[in-house]
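The structure appears below as structure tokens.
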Amino acid sequence: MTYGLVLEGGGGRGGFHIGVWQALRELNIEINGVTGTSVGALNGALFALGKYDEAVKLWSNIQTTDVLDVDDKIFNELFHGKKKPDSLEAYLVFLKDVLGNKGFNITPLKKLIATHMNEDELRKSNIDFGFVTVSLTDHKPLEVFIEDIGKGKIEDYLLASSFLPVFREEQLDGKKFIDGCFFDNLPIRLLMKKGYRKIIVVHLNGFGLRKKVDESNLEVIHIYPSGNLGSSLLFHPLQSRQNIQMGYLDALKAFGKLFGNRYYFANVPSEEEIFSWFLQLPRDYICEMAWRIYKKQGNVKRILLERLIPQLARLLNLSSEASYQLIYLSLLEYGAQKIGLLRLKIYDFQVFQEMVIHKFTAYGTDKINVQNEESNLPSMHFLKNKRKWILFQWFMLLQKNPCVIPLSTLE
């Protein structure tokens with residue numbers, strides 16, 4: 001199966017693209033065309049050249065000084081870290097230099113592009129490659145493929161696609177340009193013009209405009225980051241490696257190889273198995289929970305399916321259409337976040353469940369240490385937050401009645 005690939009702009013968040021690329025390789029998904037804006041254009045060029053190992057090495061070690069000619073320490077403190085009073089003079093000198101020269105010096109970015117790009121090989125690539133920039137000189141956007149660009153000009157136009165207003169003004173190919181994000185930061189239309197109908201769209205949640213696209217006649221797979229990718233102007237190896245891992249896992253999830261909302265699970269019970277688990281919960285516990293919350297009693301199954309489970313979904317910030325499987329997994333994820341379980345890794349469902357139930361129940365019991373003598377449930381009076389109280393009751397149910405995958409499912 002072949003697709004076109006769209007890479008959104010987002011500066012220092014670009015490592016996410018590389019993680020998605022890793023997943024596409026692992027899944028043997030063939031990409032015949034790629035378009036991008038800004039960092040999406042730069043990573044798109046690496047993709048068209050087939051330089052996967054080079055891209056991983058680049059993004060795993062990238063620093064702000066690989067893009068901007070700045071004092072890395074001062075830059076990060078000033079724009080992304082905690083300001084230090086004794087560094088005030090250094091901050092003022094830094095800002096005076098940037099303002100005096102009307103922007104950041106991007107000589108390192110030019111060298112980076114020159115080092116990793118090969119125009120001849122790019123033109124020979126079997127992968128269609130296009131990107132977006134905006135010509136300030138001509139007052140118009142440019143949505144171009146490499147065949148539309150004159151020989152010897154590829155590096156200039158790749159830089160033009162990434163040219164932010166905070167960069168020191170200069171001409172490229174005799175003209176002034178600005179970053180393509182000011183026209184279309186997610187150039188799906190550019191691939192459509194080439195006839196692509198199966199498209200993978202990789203989002204960075206970056207700054208910029210996005211042209212509306214009618215997807216009714218397209219087969220589009222959107223890959224969104226499940227967490228914070230950091231600042232667009234911060235290039236840091238630790239953040240970047242995390243973004244690569246996130247891109248890899250989010251792509252596997254988008255293609256149905258992993259499950260979960262914020263975490264990542266393998267060997268997950270089916271929707272039918274989770275639904276069956278809900279139906280087999282102890283009637284007395286369900287009745288008591290409903291009485292404590294709503295002061296009402298009635299048909300146990302109706303209370304469970306029409307009141308308690310929809311309420312659980314809302315408390316977990318899920319839509320009313322959320323599957324029973326997603327509700328169950330999101331409940332486990334809530335507990336995992338509370339106990340600080342590492343997010344960016346693949347968990348076997350059964351192992352994850354046992355770990356979370358054990359640790360969260362101990363965590364919750366420590367928070368709610370007063371028991372009502374006539375009830376199986378801790379008193380809501382002793383917990384200020386009703387949401388936490390209700391979620392804790394569900395964890396009590398999980399502890400006593402965990403969902404177990406039949407062995408036949410795993411064989």
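Starting from 1 in every chain, residues are counted up; chains themselves are A, B, ... following the order of the structure tokens, and ligands are numbered from 1 as listed.
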
Using DSSP on the backbone coordinates, identify all residues within range 254-385 of chain A classified as strand (DSSP E or B); present the result as a PyMOL selection string. chain A and resi 259+264-266+346-348+371+378

With a cut-off of 9 Å, could you pull out the residues of range 335-361 of chain A touching range 226-249 of chain A and give me the nearest pair of atoms for each, distance in Å to one decimal, using only C-alpha atoms, ordered by chain and ascending number, as a tab-separated table?
```
residue	atom	partner	partner_atom	distance
A:Leu344	CA	A:Met246	CA	6.4
A:Lys345	CA	A:Leu249	CA	7.7
A:Ile346	CA	A:Leu249	CA	7.9
```

Store the residues of this selection in a file with N, CA and C atoms, as a PDB file, in the first residue's frame.
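Written out: selection_34.pdb:
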```
ATOM      1  N   LEU A 344       6.116   7.046  27.647  1.00  0.00           N
ATOM      2  CA  LEU A 344       6.556   6.774  26.283  1.00  0.00           C
ATOM      3  C   LEU A 344       7.241   5.413  26.154  1.00  0.00           C
ATOM      4  N   LYS A 345       6.474   4.362  26.376  1.00  0.00           N
ATOM      5  CA  LYS A 345       6.963   3.013  26.150  1.00  0.00           C
ATOM      6  C   LYS A 345       5.762   2.102  25.889  1.00  0.00           C
ATOM      7  N   ILE A 346       6.031   0.941  25.330  1.00  0.00           N
ATOM      8  CA  ILE A 346       4.964  -0.013  25.037  1.00  0.00           C
ATOM      9  C   ILE A 346       4.786  -0.954  26.223  1.00  0.00           C
TER      10      ILE A 346
END
```

Separation of CA of Lys359 in chain A from CA of Glu273 in chain A in Å: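 Spanning CA of Glu273 in chain A to CA of Lys359 in chain A is a straight-line distance of 24.2 Å.
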
Based on the backbone DSSP call, show me all residues of range 129-305 of chain A assigned alpha helix (DSSP H), as a PyMOL selection string. chain A and resi 154-161+188-193+237-254+271-279+283-294+300-303

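Pairwise distance (CA of Lys388 in chain A, CA of Tyr285 in chain A) equals 17.4 Å.
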
Would you write out, as JSON lines, a table of all residues in range 211-272 of chain A that have an atom no more than 10 Å from an atom of range 179-191 of chain A, listing for each the closest atom pair and the distance in Å to one decimal, considering only C-alpha atoms and ordering rows by chain and rising residue number?
```
{"residue": "A:Lys211", "atom": "CA", "partner": "A:Asp184", "partner_atom": "CA", "distance": 5.8}
{"residue": "A:Lys212", "atom": "CA", "partner": "A:Arg189", "partner_atom": "CA", "distance": 8.7}
{"residue": "A:Val213", "atom": "CA", "partner": "A:Arg189", "partner_atom": "CA", "distance": 6.9}
{"residue": "A:Asp214", "atom": "CA", "partner": "A:Arg189", "partner_atom": "CA", "distance": 9.5}
{"residue": "A:Glu215", "atom": "CA", "partner": "A:Ile188", "partner_atom": "CA", "distance": 9.8}
{"residue": "A:Val220", "atom": "CA", "partner": "A:Ile188", "partner_atom": "CA", "distance": 9.8}
```

Just checking: using only C-alpha atoms, which residue out of A:Leu88, A:Ile18, A:Val134, A:Ile127 ends up closest to Ile146 in chain A?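 Residue with the minimum atom-to-atom distance to Ile146 in chain A: A:Ile127.
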
Which is closer to Ile31 in chain A than all the others in A:Phe47, A:Tyr224, A:Phe275, A:Tyr91, using only C-alpha atoms?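 Going through A:Phe47, A:Tyr224, A:Phe275, A:Tyr91 one by one, the smallest distance to Ile31 in chain A is for A:Phe47.
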
In terms of only C-alpha atoms, the residue from A:Leu341, A:Val144, A:Met289, A:Val132 at minimal distance from Trp394 in chain A is A:Met289

Just want the 12 Å neighbourhood of Gly256 in chain A, counted on only C-alpha atoms, with same-chain residues fewer than 2 positions away dropped. Output as a tab-separated table (two decimals) with C-alpha atoms, in the first residue's frame.
```tsv
chain	number	residue	atom	x	y	z
A	23	ALA	CA	7.19	3.44	12.32
A	27	LEU	CA	5.26	-1.27	9.00
A	221	ILE	CA	-4.59	9.07	8.30
A	223	ILE	CA	-1.01	11.38	13.26
A	249	LEU	CA	4.50	5.30	19.20
A	250	ASP	CA	1.76	7.68	18.00
A	251	ALA	CA	2.23	6.43	14.43
A	252	LEU	CA	1.93	2.78	15.52
A	253	LYS	CA	-1.25	3.74	17.37
A	254	ALA	CA	-2.63	5.57	14.31
A	258	LEU	CA	-1.04	-0.09	19.66
A	259	PHE	CA	-3.97	1.05	21.78
A	260	GLY	CA	-4.66	3.62	24.46
A	264	TYR	CA	0.56	2.61	24.61
A	265	PHE	CA	-0.72	-0.95	25.02
A	266	ALA	CA	-0.29	-4.26	23.25
A	267	ASN	CA	-2.41	-7.41	23.80
A	268	VAL	CA	-5.50	-5.41	24.74
```

Applying 6 Å and only C-alpha atoms, which residues near range 321-328 of chain A remain after dropping the ones on its own chain fewer than 6 positions away? List them as a PyMOL selection string. chain A and resi 271+274+313

Write the residues of the preceding selection, restricted to C-alpha atoms, as a PDB file, in the first residue's frame.
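What landed in part_28.pdb:
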```pdb
ATOM      1  CA  GLU A 271     -14.466  -4.235  22.941  1.00  0.00           C
ATOM      2  CA  ILE A 274     -14.447  -5.080  28.115  1.00  0.00           C
ATOM      3  CA  ALA A 313     -16.319   8.736  30.409  1.00  0.00           C
TER       4      ALA A 313
END
```

Using only C-alpha atoms: which of A:Lys338, A:Lys140, A:Arg168, A:His116 has the shortest distance to Phe104 in chain A: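 Of A:Lys338, A:Lys140, A:Arg168, A:His116, the one nearest Phe104 in chain A is A:Arg168, counting only C-alpha atoms.
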
Quick one: everything within 9 Å of Ala45 in chain A, counting only C-alpha atoms, minus sequence neighbours fewer than 3 positions away in the same chain. Send it as number ranges by chain. A: 34-36, 40-42, 48-51, 117, 122, 129-130, 158

With N, CA and C atoms kept, could you save the residues just selected as an mmCIF file, in the first residue's frame?
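again.cif was written with the following content:
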```cif
data_model
loop_
_atom_site.group_PDB
_atom_site.id
_atom_site.type_symbol
_atom_site.label_atom_id
_atom_site.label_comp_id
_atom_site.auth_asym_id
_atom_site.auth_seq_id
_atom_site.Cartn_x
_atom_site.Cartn_y
_atom_site.Cartn_z
ATOM 1 N N VAL A 34 6.095 13.268 -0.809
ATOM 2 C CA VAL A 34 6.138 13.950 0.489
ATOM 3 C C VAL A 34 6.137 15.461 0.276
ATOM 4 N N THR A 35 5.316 16.152 1.070
ATOM 5 C CA THR A 35 5.318 17.615 1.055
ATOM 6 C C THR A 35 5.454 18.108 2.492
ATOM 7 N N GLY A 36 5.992 19.311 2.639
ATOM 8 C CA GLY A 36 6.171 19.858 3.976
ATOM 9 C C GLY A 36 6.367 21.355 3.943
ATOM 10 N N GLY A 40 9.187 20.843 8.147
ATOM 11 C CA GLY A 40 8.590 19.749 7.379
ATOM 12 C C GLY A 40 9.209 19.628 5.992
ATOM 13 N N ALA A 41 9.615 20.769 5.422
ATOM 14 C CA ALA A 41 10.296 20.748 4.125
ATOM 15 C C ALA A 41 11.700 20.154 4.264
ATOM 16 N N LEU A 42 12.399 20.541 5.334
ATOM 17 C CA LEU A 42 13.759 20.031 5.543
ATOM 18 C C LEU A 42 13.740 18.530 5.806
ATOM 19 N N ALA A 48 12.946 12.175 1.119
ATOM 20 C CA ALA A 48 13.057 11.927 -0.326
ATOM 21 C C ALA A 48 14.433 11.375 -0.693
ATOM 22 N N LEU A 49 15.449 11.749 0.083
ATOM 23 C CA LEU A 49 16.811 11.256 -0.150
ATOM 24 C C LEU A 49 17.041 9.885 0.482
ATOM 25 N N GLY A 50 16.105 9.426 1.305
ATOM 26 C CA GLY A 50 16.262 8.130 1.973
ATOM 27 C C GLY A 50 17.295 8.135 3.082
ATOM 28 N N LYS A 51 17.568 9.309 3.669
ATOM 29 C CA LYS A 51 18.613 9.431 4.688
ATOM 30 C C LYS A 51 18.041 9.241 6.096
ATOM 31 N N MET A 117 21.893 18.107 2.424
ATOM 32 C CA MET A 117 21.179 18.075 1.155
ATOM 33 C C MET A 117 22.128 17.764 0.000
ATOM 34 N N LEU A 122 18.544 14.537 -4.929
ATOM 35 C CA LEU A 122 17.158 14.896 -4.666
ATOM 36 C C LEU A 122 16.346 14.930 -5.961
ATOM 37 N N PHE A 129 8.613 15.349 -4.295
ATOM 38 C CA PHE A 129 8.923 16.175 -3.134
ATOM 39 C C PHE A 129 8.574 17.636 -3.410
ATOM 40 N N GLY A 130 7.723 18.192 -2.531
ATOM 41 C CA GLY A 130 7.328 19.586 -2.681
ATOM 42 C C GLY A 130 7.232 20.289 -1.349
ATOM 43 N N LEU A 158 14.728 25.752 0.179
ATOM 44 C CA LEU A 158 14.474 25.039 1.427
ATOM 45 C C LEU A 158 14.642 25.990 2.616
#
```

Quick one: of A:Leu46, A:Ile339, A:Val166, A:Val39, who's nearest to Gly103 in chain A, counting only C-alpha atoms?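 The closest residue to Gly103 in chain A is A:Val166.
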
Which of these, A:Phe392, A:Tyr263, A:Trp277, A:Phe16, has the shortest distance to Phe349 in chain A once you count only C-alpha atoms?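 Closest to Phe349 in chain A of all the choices is A:Tyr263.
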